[in-house]
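So this one's structure34.pdb, PDB, C-alpha atoms:
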```
MODEL        1
ATOM      1  CA  MET A   1     -62.902   4.022 -77.625
ATOM      2  CA  PRO A   2     -63.741   3.668 -73.966
ATOM      3  CA  ILE A   3     -61.190   4.867 -71.359
ATOM      4  CA  ARG A   4     -59.957   2.108 -69.057
ATOM      5  CA  ARG A   5     -59.635   3.184 -65.434
ATOM      6  CA  ARG A   6     -57.203   1.603 -63.003
ATOM      7  CA  PRO A   7     -59.032  -0.516 -60.495
ATOM      8  CA  ARG A   8     -59.040   0.837 -56.945
ATOM      9  CA  GLY A   9     -57.422  -2.318 -55.593
ATOM     10  CA  ASP A  10     -54.131  -1.980 -57.515
ATOM     11  CA  GLY A  11     -50.833  -1.701 -55.481
ATOM     12  CA  PHE A  12     -48.174   1.006 -55.468
ATOM     13  CA  THR A  13     -46.127   1.694 -58.526
ATOM     14  CA  LEU A  14     -42.400   0.980 -58.589
ATOM     15  CA  VAL A  15     -41.613   4.695 -58.392
ATOM     16  CA  GLU A  16     -43.747   5.105 -55.268
ATOM     17  CA  VAL A  17     -42.018   2.133 -53.608
ATOM     18  CA  VAL A  18     -38.545   3.484 -54.427
ATOM     19  CA  VAL A  19     -39.426   6.947 -53.086
ATOM     20  CA  SER A  20     -40.860   5.436 -49.899
ATOM     21  CA  LEU A  21     -37.745   3.318 -49.332
ATOM     22  CA  ALA A  22     -35.502   6.332 -49.894
ATOM     23  CA  ILE A  23     -37.424   8.381 -47.330
ATOM     24  CA  LEU A  24     -37.365   5.492 -44.843
ATOM     25  CA  SER A  25     -33.603   5.102 -45.347
ATOM     26  CA  LEU A  26     -33.029   8.809 -44.642
ATOM     27  CA  VAL A  27     -35.132   8.629 -41.480
ATOM     28  CA  MET A  28     -33.229   5.557 -40.255
ATOM     29  CA  LEU A  29     -29.885   7.167 -41.070
ATOM     30  CA  ALA A  30     -30.824  10.317 -39.128
ATOM     31  CA  THR A  31     -32.001   8.197 -36.185
ATOM     32  CA  ILE A  32     -28.826   6.087 -36.086
ATOM     33  CA  THR A  33     -26.627   9.194 -36.390
ATOM     34  CA  GLY A  34     -28.494  10.843 -33.526
ATOM     35  CA  LEU A  35     -28.151   7.774 -31.302
ATOM     36  CA  ARG A  36     -24.439   7.513 -32.095
ATOM     37  CA  THR A  37     -23.921  11.201 -31.292
ATOM     38  CA  LEU A  38     -25.817  10.760 -28.027
ATOM     39  CA  ALA A  39     -23.670   7.753 -27.089
ATOM     40  CA  ASN A  40     -20.464   9.652 -27.903
ATOM     41  CA  THR A  41     -21.631  12.636 -25.868
ATOM     42  CA  GLN A  42     -22.476  10.407 -22.912
ATOM     43  CA  GLY A  43     -19.070   8.726 -23.112
ATOM     44  CA  THR A  44     -17.327  12.112 -23.226
ATOM     45  CA  LEU A  45     -19.307  13.368 -20.229
ATOM     46  CA  GLU A  46     -18.453  10.233 -18.263
ATOM     47  CA  ARG A  47     -14.742  10.664 -19.011
ATOM     48  CA  ILE A  48     -14.863  14.331 -18.015
ATOM     49  CA  THR A  49     -16.750  13.515 -14.812
ATOM     50  CA  GLU A  50     -14.300  10.745 -13.948
ATOM     51  CA  ARG A  51     -11.354  13.071 -14.567
ATOM     52  CA  VAL A  52     -12.862  15.840 -12.414
ATOM     53  CA  ASP A  53     -13.522  13.348  -9.601
ATOM     54  CA  THR A  54      -9.929  12.087  -9.821
ATOM     55  CA  VAL A  55      -8.483  15.604  -9.756
ATOM     56  CA  ARG A  56     -10.691  16.580  -6.828
ATOM     57  CA  SER A  57     -10.007  13.499  -4.696
ATOM     58  CA  VAL A  58      -6.244  13.390  -5.356
ATOM     59  CA  SER A  59      -5.819  17.139  -4.795
ATOM     60  CA  SER A  60      -7.851  16.980  -1.584
ATOM     61  CA  PHE A  61      -5.801  14.049  -0.271
ATOM     62  CA  LEU A  62      -2.475  15.728  -1.063
ATOM     63  CA  ARG A  63      -3.588  19.024   0.452
ATOM     64  CA  ASP A  64      -4.868  17.434   3.674
ATOM     65  CA  THR A  65      -1.825  15.233   4.271
ATOM     66  CA  LEU A  66       0.706  17.908   3.337
ATOM     67  CA  GLU A  67      -0.917  20.458   5.622
ATOM     68  CA  SER A  68      -0.451  18.035   8.515
ATOM     69  CA  ALA A  69       3.057  16.978   7.495
ATOM     70  CA  VAL A  70       5.625  16.300  10.187
ATOM     71  CA  GLY A  71       8.764  17.808   8.718
ATOM     72  CA  GLY A  72      12.433  17.872   9.532
ATOM     73  CA  GLY A  73      14.076  21.194  10.149
ATOM     74  CA  GLY A  74      17.511  20.136   9.027
ATOM     75  CA  ALA A  75      20.073  17.371   9.003
ATOM     76  CA  ASP A  76      20.121  17.031  12.781
ATOM     77  CA  GLU A  77      17.225  19.195  13.932
ATOM     78  CA  LEU A  78      13.594  18.084  13.723
ATOM     79  CA  THR A  79      10.538  20.295  13.865
ATOM     80  CA  LEU A  80       6.951  19.173  14.208
ATOM     81  CA  GLY A  81       3.953  20.047  12.110
ATOM     82  CA  GLY A  82       0.414  19.006  12.848
ATOM     83  CA  GLY A  83       1.407  15.669  14.380
ATOM     84  CA  ARG A  84       1.990  14.469  17.899
ATOM     85  CA  ALA A  85       5.010  15.535  19.878
ATOM     86  CA  GLU A  86       6.610  12.112  19.811
ATOM     87  CA  GLU A  87       6.526  11.802  16.016
ATOM     88  CA  VAL A  88       9.786  11.967  14.116
ATOM     89  CA  GLY A  89       9.858  14.467  11.282
ATOM     90  CA  TYR A  90      10.559  13.587   7.685
ATOM     91  CA  PHE A  91      10.241  15.707   4.552
ATOM     92  CA  GLU A  92      12.079  15.423   1.229
ATOM     93  CA  LEU A  93      11.426  16.389  -2.347
ATOM     94  CA  THR A  94      12.882  16.204  -5.820
ATOM     95  CA  ASP A  95      11.546  17.649  -9.054
ATOM     96  CA  GLN A  96       9.714  14.337  -9.665
ATOM     97  CA  SER A  97       8.795  13.147  -6.175
ATOM     98  CA  LEU A  98       7.633  14.318  -2.785
ATOM     99  CA  SER A  99       8.001  12.394   0.490
ATOM    100  CA  TRP A 100       6.721  13.334   3.926
ATOM    101  CA  ASN A 101       5.479  12.020   7.271
ATOM    102  CA  SER A 102       1.803  12.444   8.110
ATOM    103  CA  THR A 103      -0.964  10.917  10.172
ATOM    104  CA  VAL A 104      -3.388   9.263   7.774
ATOM    105  CA  LEU A 105      -6.147   6.663   7.647
ATOM    106  CA  ILE A 106      -5.187   3.692   5.462
ATOM    107  CA  GLY A 107      -8.357   1.710   4.855
ATOM    108  CA  GLU A 108     -11.336   1.643   7.200
ATOM    109  CA  ASN A 109      -9.699   0.447  10.400
ATOM    110  CA  VAL A 110      -5.981   1.065   9.900
ATOM    111  CA  GLY A 111      -4.311   4.401  10.448
ATOM    112  CA  GLY A 112      -1.505   6.216  12.186
ATOM    113  CA  SER A 113       1.774   7.865  11.350
ATOM    114  CA  TYR A 114       3.052   6.877   7.902
ATOM    115  CA  LEU A 115       5.769   7.953   5.531
ATOM    116  CA  LEU A 116       4.142   8.909   2.243
ATOM    117  CA  ARG A 117       5.684   9.308  -1.187
ATOM    118  CA  VAL A 118       4.060  10.639  -4.350
ATOM    119  CA  ALA A 119       6.224  10.195  -7.426
ATOM    120  CA  ARG A 120       6.184   9.683 -11.144
ATOM    121  CA  GLU A 121       6.706   6.056 -12.146
ATOM    122  CA  ASP A 122       6.755   5.764 -15.937
ATOM    123  CA  ASP A 123       3.399   7.228 -17.023
ATOM    124  CA  LEU A 124       1.744   6.784 -13.626
ATOM    125  CA  LEU A 125       1.438   9.024 -10.581
ATOM    126  CA  VAL A 126       1.892   6.623  -7.669
ATOM    127  CA  LEU A 127       1.344   6.994  -3.945
ATOM    128  CA  ARG A 128       3.472   4.727  -1.746
ATOM    129  CA  TRP A 129       3.335   4.451   2.023
ATOM    130  CA  GLN A 130       5.202   2.669   4.797
ATOM    131  CA  GLN A 131       5.664   2.909   8.524
ATOM    132  CA  PRO A 132       8.847   4.684   9.601
ATOM    133  CA  ASP A 133      11.674   2.862  11.306
ATOM    134  CA  ALA A 134      13.116   3.883  14.672
ATOM    135  CA  SER A 135      15.086   6.721  13.070
ATOM    136  CA  GLY A 136      12.058   8.020  11.198
ATOM    137  CA  ARG A 137      13.631   7.270   7.811
ATOM    138  CA  PRO A 138      12.007   5.238   5.035
ATOM    139  CA  GLY A 139      13.058   1.812   3.858
ATOM    140  CA  ASP A 140      13.010   0.676   0.241
ATOM    141  CA  TRP A 141      10.242   2.624  -1.474
ATOM    142  CA  ALA A 142      10.009   0.050  -4.272
ATOM    143  CA  ALA A 143       8.865  -2.537  -1.723
ATOM    144  CA  ALA A 144       6.299  -0.241  -0.085
ATOM    145  CA  GLU A 145       2.568  -0.585  -0.588
ATOM    146  CA  ALA A 146       1.313   1.462  -3.508
ATOM    147  CA  ARG A 147      -1.758   2.918  -5.129
ATOM    148  CA  THR A 148      -2.017   4.590  -8.525
ATOM    149  CA  LEU A 149      -3.396   8.128  -8.269
ATOM    150  CA  ALA A 150      -3.416   9.030 -11.973
ATOM    151  CA  VAL A 151      -2.693   7.360 -15.315
ATOM    152  CA  GLU A 152      -1.357   8.708 -18.612
ATOM    153  CA  LEU A 153       0.906  11.039 -16.645
ATOM    154  CA  GLU A 154       2.815  13.451 -18.861
ATOM    155  CA  GLU A 155       4.181  15.907 -16.314
ATOM    156  CA  PHE A 156       4.701  15.931 -12.558
ATOM    157  CA  ASP A 157       6.663  18.929 -11.375
ATOM    158  CA  VAL A 158       7.442  19.623  -7.707
ATOM    159  CA  SER A 159       8.841  22.928  -6.455
ATOM    160  CA  TRP A 160       9.056  24.645  -3.090
ATOM    161  CA  ARG A 161       9.860  27.856  -1.286
ATOM    162  CA  GLN A 162      10.519  28.743   2.326
ATOM    163  CA  HIS A 163       8.784  32.119   2.388
ATOM    164  CA  TYR A 164       5.772  33.280   0.425
ATOM    165  CA  GLU A 165       7.723  35.996  -1.398
ATOM    166  CA  ASP A 166      10.587  33.667  -2.422
ATOM    167  CA  GLU A 167      11.046  32.248  -5.917
ATOM    168  CA  TRP A 168      10.003  28.655  -6.507
ATOM    169  CA  ARG A 169      12.940  26.221  -6.289
ATOM    170  CA  ARG A 170      13.483  22.615  -7.365
ATOM    171  CA  ASP A 171      16.845  21.914  -5.726
ATOM    172  CA  TRP A 172      16.544  20.439  -2.252
ATOM    173  CA  GLY A 173      18.990  19.850   0.579
ATOM    174  CA  ARG A 174      18.456  18.268   3.988
ATOM    175  CA  ASP A 175      19.005  21.635   5.662
ATOM    176  CA  ASP A 176      16.237  23.268   3.625
ATOM    177  CA  ILE A 177      12.814  24.004   5.068
ATOM    178  CA  ALA A 178       9.837  24.114   2.713
ATOM    179  CA  HIS A 179       6.861  26.059   4.006
ATOM    180  CA  TRP A 180       5.176  26.123   0.591
ATOM    181  CA  VAL A 181       4.983  23.310  -1.960
ATOM    182  CA  ARG A 182       3.700  23.584  -5.525
ATOM    183  CA  LEU A 183       2.588  20.574  -7.575
ATOM    184  CA  GLN A 184       1.982  20.808 -11.317
ATOM    185  CA  ILE A 185       0.374  17.743 -12.909
ATOM    186  CA  LYS A 186      -0.505  17.006 -16.524
ATOM    187  CA  THR A 187      -2.396  13.884 -17.587
ATOM    188  CA  SER A 188      -3.918  12.903 -20.934
ATOM    189  CA  GLY A 189      -2.885  16.175 -22.529
ATOM    190  CA  ARG A 190      -4.542  18.357 -19.873
ATOM    191  CA  TYR A 191      -3.086  20.268 -16.924
ATOM    192  CA  TRP A 192      -4.634  19.902 -13.497
ATOM    193  CA  PRO A 193      -5.305  23.067 -11.488
ATOM    194  CA  GLU A 194      -2.042  24.099  -9.878
ATOM    195  CA  LEU A 195      -1.861  22.826  -6.308
ATOM    196  CA  ILE A 196      -0.068  25.095  -3.813
ATOM    197  CA  VAL A 197      -0.007  23.910  -0.205
ATOM    198  CA  GLN A 198       1.349  25.533   2.935
ATOM    199  CA  VAL A 199       3.284  22.914   4.873
ATOM    200  CA  SER A 200       3.166  23.195   8.665
ATOM    201  CA  GLN A 201       6.735  22.231   9.460
TER
ENDMDL
END
```
What does the file become when written as structure tokens?
Amino acid sequence: MPIRRRPRGDGFTLVEVVVSLAILSLVMLATITGLRTLANTQGTLERITERVDTVRSVSSFLRDTLESAVGGGGADELTLGGGRAEEVGYFELTDQSLSWNSTVLIGENVGGSYLLRVAREDDLLVLRWQQPDASGRPGDWAAAEARTLAVELEEFDVSWRQHYEDEWRRDWGRDDIAHWVRLQIKTSGRYWPELIVQVSQ
């Protein structure tokens, strides 16, 4: 009986098609998984970069303005920091807020002596500023202009000491003089680098 050979023009068998589709599916799955991982990595890097930029810019602003703070030396006595001689001193703190007088640039063409306040407001770290009145005291902080410095705030701790060797304190009276201020900030489950500033008052 003669042997019948398969013609050369026949297509693939069902088994060959199934194997090919399985291999193609694995390749596509690996490609999609790789692209998804790359997208997740890029998103994570962008969040980290944004957080680092926020920490750097906020810390730099607080350090610069605190170092040039115009502080009060007591209830009736005023001392001057890095400001002009005619400026009236103002400096107050609580364990959740810090207020001081400094010469700053607000916007491109507006600047001068302003009262500044950094405080926790719900889960936000908010900077507020206003021009001092004739006595150098602030008005209603709730009505002052504001800018959010950080979101998802979990901790904002303010402490101070008069001399470098003193213990850090959180209680504050008008007769106190803070030469060193420490700010501890935690946002989105992560602590910022501790910020310790020498105040020239």
* **For Asp171 of chain A: contacts at 10 Å, only C-alpha atoms, fewer than 6 positions along chain excluded, given as a PyMOL selection string** => chain A and resi 93-95+158-160
* To do: Kindly resolve the PyMOL selection byres ((chain A and resi 182) around 7) on the present coordinates and return the residues as a PyMOL selection string.
  => chain A and resi 158-160+180-181+183-184+195-197
* **Expected selection from the PyMOL selection byres ((chain A and resi 54) around 12), given as a PyMOL selection string** => chain A and resi 47-53+55-61+125+148-151+187+192
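The interatomic distance for the pair atom CA of Glu165 of chain A and atom CA of Ile177 of chain A works out to 14.5 Å.
As for atom CA of Glu145 of chain A and atom CA of Val118 of chain A, they are spaced 11.9 Å apart.
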Got a minute to add N, CA and C atoms to segment 30-48 of chain A and dump it as a short mmCIF file (atom, residue, chain, number, x, y, z; two decimals), in the frame of the given file?
```
data_model
loop_
_atom_site.label_atom_id
_atom_site.label_comp_id
_atom_site.auth_asym_id
_atom_site.auth_seq_id
_atom_site.Cartn_x
_atom_site.Cartn_y
_atom_site.Cartn_z
N ALA A 30 -30.80 9.20 -40.08
CA ALA A 30 -30.82 10.32 -39.13
C ALA A 30 -30.96 9.80 -37.70
N THR A 31 -31.81 8.76 -37.52
CA THR A 31 -32.00 8.20 -36.18
C THR A 31 -30.72 7.55 -35.66
N ILE A 32 -30.07 6.75 -36.50
CA ILE A 32 -28.83 6.09 -36.09
C ILE A 32 -27.73 7.10 -35.78
N THR A 33 -27.62 8.14 -36.63
CA THR A 33 -26.63 9.19 -36.39
C THR A 33 -26.89 9.90 -35.07
N GLY A 34 -28.15 10.20 -34.79
CA GLY A 34 -28.49 10.84 -33.53
C GLY A 34 -28.16 9.98 -32.33
N LEU A 35 -28.47 8.69 -32.41
CA LEU A 35 -28.15 7.77 -31.30
C LEU A 35 -26.65 7.65 -31.10
N ARG A 36 -25.90 7.60 -32.20
CA ARG A 36 -24.44 7.51 -32.10
C ARG A 36 -23.86 8.78 -31.46
N THR A 37 -24.38 9.94 -31.88
CA THR A 37 -23.92 11.20 -31.29
C THR A 37 -24.24 11.25 -29.81
N LEU A 38 -25.43 10.78 -29.44
CA LEU A 38 -25.82 10.76 -28.03
C LEU A 38 -24.90 9.85 -27.22
N ALA A 39 -24.57 8.67 -27.79
CA ALA A 39 -23.67 7.75 -27.09
C ALA A 39 -22.27 8.35 -26.93
N ASN A 40 -21.78 9.02 -27.98
CA ASN A 40 -20.46 9.65 -27.90
C ASN A 40 -20.46 10.77 -26.87
N THR A 41 -21.53 11.55 -26.84
CA THR A 41 -21.63 12.64 -25.87
C THR A 41 -21.66 12.09 -24.45
N GLN A 42 -22.41 11.02 -24.24
CA GLN A 42 -22.48 10.41 -22.91
C GLN A 42 -21.11 9.86 -22.49
N GLY A 43 -20.40 9.23 -23.43
CA GLY A 43 -19.07 8.73 -23.11
C GLY A 43 -18.11 9.85 -22.75
N THR A 44 -18.18 10.95 -23.51
CA THR A 44 -17.33 12.11 -23.23
C THR A 44 -17.63 12.69 -21.86
N LEU A 45 -18.92 12.83 -21.53
CA LEU A 45 -19.31 13.37 -20.23
C LEU A 45 -18.84 12.46 -19.10
N GLU A 46 -18.92 11.16 -19.30
CA GLU A 46 -18.45 10.23 -18.26
C GLU A 46 -16.95 10.36 -18.05
N ARG A 47 -16.20 10.50 -19.15
CA ARG A 47 -14.74 10.66 -19.01
C ARG A 47 -14.40 11.97 -18.30
N ILE A 48 -15.11 13.04 -18.66
CA ILE A 48 -14.86 14.33 -18.02
C ILE A 48 -15.20 14.25 -16.53
#
```
